[in-house]
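Trainee: Structure in structure tokens, see below.
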Amino acid sequence: MLARRTKSNLCRGWQIALLVFWSVSALRAAEADATPGHGTNIFSPASTPAKSIFDLSVFVLAITGIIFLVVFGLLLYSVVRFRGRAADGGREPAQVYGSMQIELAWTIIPILIVVVLFLATARVIHAVQDAPEPAGALDVIAIGHQYWWEFRYPKLGIVTANELHIPVSDHDHPTPTFLQLLSVDTDHSFWVPELAGKTDLIPNHPNRLWMDPQRTGIFLGQCAQYCGVQHAKMLLRVSVDGPEDFASWVHAQQKPAAEDAGAIAGRRVFERNACMNCHAVGGTSADGRFGPDLTHLMSRATIAAGAAENTHDNLRLWIQNPSAIKPGSLMPAMKLSDADLDAVVNYMETLH
Amino acid sequence: MSSNVIPVPVGQTEARPWVDELHQWLTTVDHKRLGILYIASALLFLMIGGVEALIIRIQLMHSHNNFVSPEVFNRMFTMHGTTMIFFVAMPVLFGFANYLVPLMIGARDMAFPRLNAFSFWLSFLGGLLLYFSFLGGSGLYGAGNAPDVGWWSYAPLGARAFSPGHSSDYWTLALLVSGFGSIGTAINIIATILCLRCPGMKLNRMPLLVWMNLVMAGMVLLAITPLSAAQIMLLIDRYLGGHFFDTQAGGSAVLWMHFFWIFGHPEVYILIIPCFAFMSEIIPVFSRKPIFGYPVMVAATVCIAFVSMSVWAHHMFTIGMNSYANSFFTLTTMAVGVPTGIKIFNWIGTIWGGRIQFKTAMLFSIGFLFQFLIAGLTGIMMAASPFDWQLSLSYFVVAHFHYVIVGGILFALFGAFYYWYPKMTGRMLGERLGKWHFWLFLIGFHLTFDVMHIPGILGMPRRIYTYESGRGWDTLNFIISIGAFIQALAILVFVANLVISYFKGARAGNDPWDAWTLEWSISSPPPAYNFATVPTVASRRPLWDLKHPEDPDSRYE
């Protein structure tokens, strides 16, 4: 009997040791896996809304951590202290039915904690959600499609896809970006963890999201609301540019598509086939809206909503057989001849 | 007491041919047999849902894995969620309620035995209908497939435009049919508890298990009905040209979310309250003390039921509700933590000063307490809606609700299995294999679900069939998958234990745990009529009074 008891205590000790070990080693493993600078960690915020959320989460973690330690300690103590002993000789312990004073104590204290947590939370809800849009803000309309993102800059006359460019914002000259979130088909969710919490894109239900990144760089994210077969490969890239870089990006995007005499054959293939039913190329007769705008395709680092890098081979594979990269994508396999395929890829590569 | 037995005439005790036996099981209206049928069908679906979980975990073991296609993966997580909630958790809890409630209140059966059988067969056939979708999903054109719209089937993904064929109709019909079964059982439980209590069993003398099942049944009536209504509206959309959720014709996707979650959140409490009930019976017996603060436990349960009816939109913090709505649901969600906390404190109060016997049932109960504490605290984190804007729809949420459902509900259920198996079969459920089961499952559980919080914090959304490397998710997902296999191994040990103990377990006798509620006063397994003479009780622990005539509870209540 005694030996057994010691064993189960020992096991519980083991359990705790293992728990600590797991959490530490798991965090280590995660650090080793991550590519530096391209994180999606909610605990390294780079803009005001994400920072407000981070501050709140530290507060909530601290309070829940204290509750955890106290209750866990109490529970552990009572399980160890009040284990049955051989010396008890089968006698029953004192039969205690309850105590109103104790019940009141452990009702009122949690209520007070809830009040504090609620007030702290309500403040952040208001600060993030009800923030007014300043005059210098950039407006972007983000439209969710099965399985890609359309970005429209109504005041700048730019339409692009999957890779959002926004200016960096600093405290003295804030240039936040305000996104209007729409969807043309199913529900999606815009989530770039280091810039802001997620907000859903729901058909018939426009939403708003804002961010004011404090540092430049590429920020990754992806669709967070299950939207169909290829929900997993609906990735997001946000490029936060310095003021000059952003201005030159805008300038380049506002131009119509580059005309290259060498690519005229490819352009013919593009316009003769179904490509132009879904895709637009600015300044040409292609004005489809079902798929991403290709006017400045070469300015983007990825294709297929981040599923592949924008290289010659990937582009060719994507046009020939989209399922090889993204099975379930709504882009059809175009079944072009090799000559037509080469021509159209050649044309795509002139769209800087 | 009614420990006496009605003598069975010689000749009736001979073994019947198996066809007769099968016929008896299929046509039974006995609450004990129906309880066991509920539990057995839930175990069957647990195996199936478990295999689906393993397929999900193999696929996610490393980035860009090609074990299954995205279509199959999406079907797997849809079927896994739907199966585990509707065809494992609810039936197994209804099974225990069916079996135990009449025994604990000194009744000879449920109030409506035929409704009881009807409800069980509706629920079970609902499950079969769901799985028939693998064969008949696409109707006449195509090889058939299962629903792939997620277990909450958000509009407009469930509309005909995005879910053609019949796969999601099987989902709708399965939930509708089994939902009617649930409503029938809920009515039955309420009627039984209110009308069939034995003499002396006033409401404030009912065992806590009975109280909590009464509250659970009331919640089923309030929660399943909007779900059924929504399913009918979805069918109207899909087949009769309705536009409730058809966003292309001006319908509302958000309306579906409200309908679903006003069912979906109370559902969590429908599942956890019966588990609170198991804890409130098992912990006192193995601590050798009465439950601490009986009236407060009852009040806290009723309070949870009321508050949990107004927390549903905390599943919708990311859909763009205004700041007042977000604040309201933050407050109600945090508030529901107060009565839940009171319960944990009362269980600690019960253990305090007791003499704990570490039987397997008690080990699972202690596991429940530790894990439910953590699950509750991560729940508080997500109740803080801005924090939820980051955590929602990520693997953090998946870890949180599995902490509730596996770490809480399943652990409590295993405790209940080890505690009441002797009553149901007349044999003890093996302690040695039980310890193996407990430790293996505990290690597997923590390996999987402790680690699973971290990829969520690192930005990994749920329901993705594959992921990019370089986000820090690879190693974590590998560890999570290893844990899943350890849990599967533990479940196999459990099933082996169930089978072996049925044939070779030690004889249980009437009262193997020296317990205090009425079911332990009769033979194991109980006779069909339960009590030869209807018992009379004078306190909350009738068997304590019987065993300690010098110091009965009735003196203090």
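How things are named: the first chain in the structure tokens is A, the next is B, and so on; residues count from 1 in each chain; ligands count from 1 in the order shown.
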Determine, counting only C-alpha atoms, which protein, DNA and RNA residues have an atom within 12 Å of an atom of A:Val345; residues of the same chain fewer than 2 positions away are not included. Present the result as a ChimeraX atom specification.

Mentor: /A:263-270,297-298,310-320,336,338-343,347-351

Trainee: Determine which residues of chain A sit within 6 Å of chain B, taking into account only C-alpha atoms, and present them as a VMD selection string.

Mentor: chain A and resid 30 33 to 35 40 to 42 53 57 64 78 82 to 84 93 95 97 to 98 110 118 121 to 122 186 197 to 200 207 224 229 232

Trainee: Give me the residues within 12 Å of stretch 493-505 of chain B as a PyMOL selection string, counting only C-alpha atoms and dropping any in the same chain fewer than 3 places off.

Mentor: chain B and resi 40+43-44+46-47+360+414-415+417-418+421-441+486-490+508-509+525

Trainee: Atom CA of B:Ile183 to atom CA of B:Val220: how many Å, to one decimal?

Mentor: 6.6 Å

Trainee: Leaving out A:Asp287 and any residue of its chain fewer than 4 positions from it, which residues lie within 8 Å of it when counting only C-alpha atoms, given as an MDAnalysis selection string?

Mentor: chainID A and resid 276:282

Trainee: Could you work out how far atom CA of B:Asn530 lies from atom CA of B:Met212, giving the answer in Å with one decimal?

Mentor: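 These two atoms are separated by 21.9 Å.
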
Trainee: Quick one, how far is atom CA of A:Ala308 from atom CA of A:Ile325?

Mentor: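 Separating atom CA of A:Ala308 from atom CA of A:Ile325 is a distance of 7.2 Å.
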
Trainee: Residues of stretch 296-349 of chain B in alpha helix (DSSP H) according to DSSP, as a PyMOL selection string?

Mentor: chain B and resi 296-308+323-335+337-349

Trainee: Quick one: residues within 10 Å of stretch 123-140 of chain A, only C-alpha atoms, excluding same-chain residues fewer than 3 positions away - as a PyMOL selection string?

Mentor: (chain A and resi 48-50+52-53+55-56+118-120+143+151-156+158-159+164-167+169+173-181+196-197+208-212) or (chain B and resi 320-324+326-327+330+384-387)
